[in-house]
Amino acid sequence: MGVTGPVLQHSCAHNIDSCPEGNGIGTIAITWDAKYLATISDAEIQDVCIWRWTLAVEMPTCTLNLLKEYGVQNYLTINPTNNKELVSNSKTQAIYYLWYEEGDILAHRAPHLTEKVSNASCIFICQML
């Protein structure tokens with residue numbers, strides 16, 4: 001029995017091994033339309049990078065160095081209704097990002113978590129977004 005209908009093909013413009021320092025990828029997220037990719041490096045000092053996935057470029061559009069005090073960010077997601085909003089979390093810290101595409105700036109906010117928010121709650125909140 002044969003396959004009917006159109007065959008969808010997608011070719012990647014490039015491979016991504018890591019953020020510019022070459023330390024590997026710790027976590028990754030892609031927008032629903034597959035135009036943008038966000039990565040967090042697997043380095044001691046982590047970098048958050050935004051990539052224009054459909055362009056043949058070797059460097060990210062923007063990079064943000066995270067403070068070590070934020071802990072190892074091991075989860076990352078992109079808002080499905082606004083691809084300029086991201087959130088990541090470690091066991092103790094959630095970080096909210098806003099990408100200003102016009103200037104290729106990645107702003108972030110890492111609010112202090114109160115004792116009322118446990119580690120499990122932080123992970124649950126971030127993974128719901």
# chains A, B, ... in the order shown; residues from 1 in each chain; ligands from 1
>>> residues_around(residues="Lys68 in chain A", least_positions_apart="5", cutoff="8 Å", atoms="only C-alpha atoms", output="list in words")
Glu44, Ile45 and Gln46 of chain A
>>> write_last_selection(atoms="N, CA and C atoms", output="mmCIF file, in the first residue's frame")
data_model
loop_
_atom_site.group_PDB
_atom_site.id
_atom_site.type_symbol
_atom_site.label_atom_id
_atom_site.label_comp_id
_atom_site.auth_asym_id
_atom_site.auth_seq_id
_atom_site.Cartn_x
_atom_site.Cartn_y
_atom_site.Cartn_z
ATOM 1 N N GLU A 44 30.305 25.644 33.238
ATOM 2 C CA GLU A 44 30.229 26.064 34.634
ATOM 3 C C GLU A 44 29.491 27.392 34.746
ATOM 4 N N ILE A 45 29.826 28.350 33.886
ATOM 5 C CA ILE A 45 29.075 29.589 33.745
ATOM 6 C C ILE A 45 28.235 29.414 32.484
ATOM 7 N N GLN A 46 26.939 29.270 32.658
ATOM 8 C CA GLN A 46 26.074 28.941 31.527
ATOM 9 C C GLN A 46 25.772 30.162 30.657
#
>>> atom_distance(atom1="CA of Ile40 in chain A", atom2="CA of Thr54 in chain A")
18.9 Å
>>> residues_around(residues="Ser88 in chain A", least_positions_apart="6", cutoff="7 Å", atoms="only C-alpha atoms", output="MDAnalysis selection string")
chainID A and resid 73 75:77 94:96 126
>>> write_last_selection(atoms="N, CA and C atoms", output="CSV table (one decimal), in the first residue's frame")
chain,number,residue,atom,x,y,z
A,73,GLN,N,20.9,25.7,35.2
A,73,GLN,CA,19.6,25.8,34.6
A,73,GLN,C,19.4,24.6,33.7
A,75,TYR,N,16.2,23.2,32.6
A,75,TYR,CA,14.9,23.2,31.8
A,75,TYR,C,14.7,24.5,31.1
A,76,LEU,N,14.3,24.5,29.9
A,76,LEU,CA,14.1,25.7,29.1
A,76,LEU,C,12.8,25.5,28.3
A,77,THR,N,12.0,26.5,28.2
A,77,THR,CA,10.8,26.5,27.3
A,77,THR,C,10.6,27.9,26.7
A,94,ALA,N,14.1,30.2,39.1
A,94,ALA,CA,13.4,30.4,37.8
A,94,ALA,C,13.9,31.7,37.2
A,95,ILE,N,14.2,31.7,35.9
A,95,ILE,CA,14.6,32.9,35.2
A,95,ILE,C,13.7,33.1,34.1
A,96,TYR,N,13.2,34.4,34.0
A,96,TYR,CA,12.3,34.8,32.9
A,96,TYR,C,13.1,35.6,31.9
A,126,CYS,N,7.5,26.2,36.0
A,126,CYS,CA,8.2,26.4,34.7
A,126,CYS,C,7.8,25.4,33.6
>>> residues_around(residues="Trp53 in chain A", least_positions_apart="4", cutoff="6 Å", atoms="only C-alpha atoms", output="list in words")
Lys35, Tyr36 and Leu37 of chain A
>>> write_last_selection(atoms="all heavy atoms", output="PDB file, in the first residue's frame")
ATOM      1  N   LYS A  35      11.442  28.398  13.643  1.00  0.00           N
ATOM      2  CA  LYS A  35      12.300  29.469  13.134  1.00  0.00           C
ATOM      3  C   LYS A  35      13.428  29.814  14.096  1.00  0.00           C
ATOM      4  O   LYS A  35      14.495  30.251  13.674  1.00  0.00           O
ATOM      5  CB  LYS A  35      11.474  30.729  12.866  1.00  0.00           C
ATOM      6  CG  LYS A  35      10.547  30.613  11.686  1.00  0.00           C
ATOM      7  CD  LYS A  35       9.830  31.918  11.440  1.00  0.00           C
ATOM      8  CE  LYS A  35       8.912  31.818  10.240  1.00  0.00           C
ATOM      9  NZ  LYS A  35       8.200  33.086  10.002  1.00  0.00           N
ATOM     10  N   TYR A  36      13.193  29.635  15.392  1.00  0.00           N
ATOM     11  CA  TYR A  36      14.170  30.029  16.398  1.00  0.00           C
ATOM     12  C   TYR A  36      14.444  28.873  17.347  1.00  0.00           C
ATOM     13  O   TYR A  36      13.567  28.079  17.662  1.00  0.00           O
ATOM     14  CB  TYR A  36      13.676  31.236  17.202  1.00  0.00           C
ATOM     15  CG  TYR A  36      13.311  32.406  16.331  1.00  0.00           C
ATOM     16  CD1 TYR A  36      11.992  32.714  16.067  1.00  0.00           C
ATOM     17  CD2 TYR A  36      14.302  33.191  15.746  1.00  0.00           C
ATOM     18  CE1 TYR A  36      11.655  33.786  15.259  1.00  0.00           C
ATOM     19  CE2 TYR A  36      13.973  34.253  14.930  1.00  0.00           C
ATOM     20  CZ  TYR A  36      12.646  34.550  14.687  1.00  0.00           C
ATOM     21  OH  TYR A  36      12.311  35.601  13.871  1.00  0.00           O
ATOM     22  N   LEU A  37      15.687  28.838  17.797  1.00  0.00           N
ATOM     23  CA  LEU A  37      16.141  27.823  18.728  1.00  0.00           C
ATOM     24  C   LEU A  37      16.768  28.550  19.908  1.00  0.00           C
ATOM     25  O   LEU A  37      17.480  29.541  19.713  1.00  0.00           O
ATOM     26  CB  LEU A  37      17.181  26.955  18.022  1.00  0.00           C
ATOM     27  CG  LEU A  37      17.625  25.677  18.669  1.00  0.00           C
ATOM     28  CD1 LEU A  37      16.509  24.639  18.558  1.00  0.00           C
ATOM     29  CD2 LEU A  37      18.865  25.158  17.962  1.00  0.00           C
TER      30      LEU A  37
END
>>> select_by_dssp(residues="range 55-96 of chain A", states="strand (DSSP E)", output="list in words")
Cys62, Thr63, Leu64, Asn65, Tyr75, Leu76, Thr77, Ile78, Glu85, Leu86, Val87, Ser88, Asn89, Ala94, Ile95 and Tyr96 of chain A
>>> write_last_selection(atoms="N, CA and C atoms", output="compact mmCIF listing (two decimals), in the first residue's frame")
# COMPACT_ATOMS: atom_id res chain seq x y z
N CYS A 62 21.91 36.25 19.77
CA CYS A 62 22.30 36.92 21.01
C CYS A 62 22.67 35.88 22.05
N THR A 63 23.48 36.31 22.99
CA THR A 63 23.96 35.43 24.06
C THR A 63 23.89 36.18 25.39
N LEU A 64 23.47 35.49 26.42
CA LEU A 64 23.40 36.04 27.76
C LEU A 64 24.16 35.13 28.71
N ASN A 65 25.12 35.66 29.43
CA ASN A 65 25.86 34.89 30.44
C ASN A 65 25.07 34.91 31.74
N TYR A 75 16.20 23.24 32.58
CA TYR A 75 14.95 23.18 31.85
C TYR A 75 14.75 24.51 31.15
N LEU A 76 14.28 24.49 29.92
CA LEU A 76 14.07 25.71 29.13
C LEU A 76 12.84 25.53 28.26
N THR A 77 12.01 26.54 28.21
CA THR A 77 10.84 26.49 27.33
C THR A 77 10.59 27.87 26.74
N ILE A 78 9.93 27.87 25.59
CA ILE A 78 9.57 29.11 24.90
C ILE A 78 8.06 29.21 24.91
N GLU A 85 9.36 35.29 24.54
CA GLU A 85 9.34 35.03 25.99
C GLU A 85 9.80 33.60 26.27
N LEU A 86 10.77 33.49 27.18
CA LEU A 86 11.31 32.19 27.56
C LEU A 86 11.36 32.10 29.07
N VAL A 87 11.48 30.89 29.56
CA VAL A 87 11.70 30.67 30.99
C VAL A 87 12.58 29.44 31.15
N SER A 88 13.47 29.51 32.14
CA SER A 88 14.29 28.35 32.47
C SER A 88 14.28 28.19 33.98
N ASN A 89 14.74 27.04 34.44
CA ASN A 89 14.83 26.86 35.89
C ASN A 89 15.93 25.88 36.27
N ALA A 94 14.09 30.20 39.13
CA ALA A 94 13.43 30.35 37.83
C ALA A 94 13.92 31.67 37.23
N ILE A 95 14.16 31.66 35.91
CA ILE A 95 14.61 32.88 35.22
C ILE A 95 13.66 33.12 34.06
N TYR A 96 13.20 34.36 33.96
CA TYR A 96 12.30 34.77 32.88
C TYR A 96 13.08 35.65 31.92
>>> closest_residue(among="A:Ala29, A:Gly24, A:Leu66, A:Thr81", to="Ile50 in chain A", atoms="only C-alpha atoms")
A:Ala29
>>> atom_distance(atom1="CA of Ala110 in chain A", atom2="CA of Asn74 in chain A")
14.9 Å
>>> closest_residue(among="A:Tyr70, A:Met59, A:Thr92, A:Arg52", to="Asp33 in chain A", atoms="only C-alpha atoms")
A:Arg52
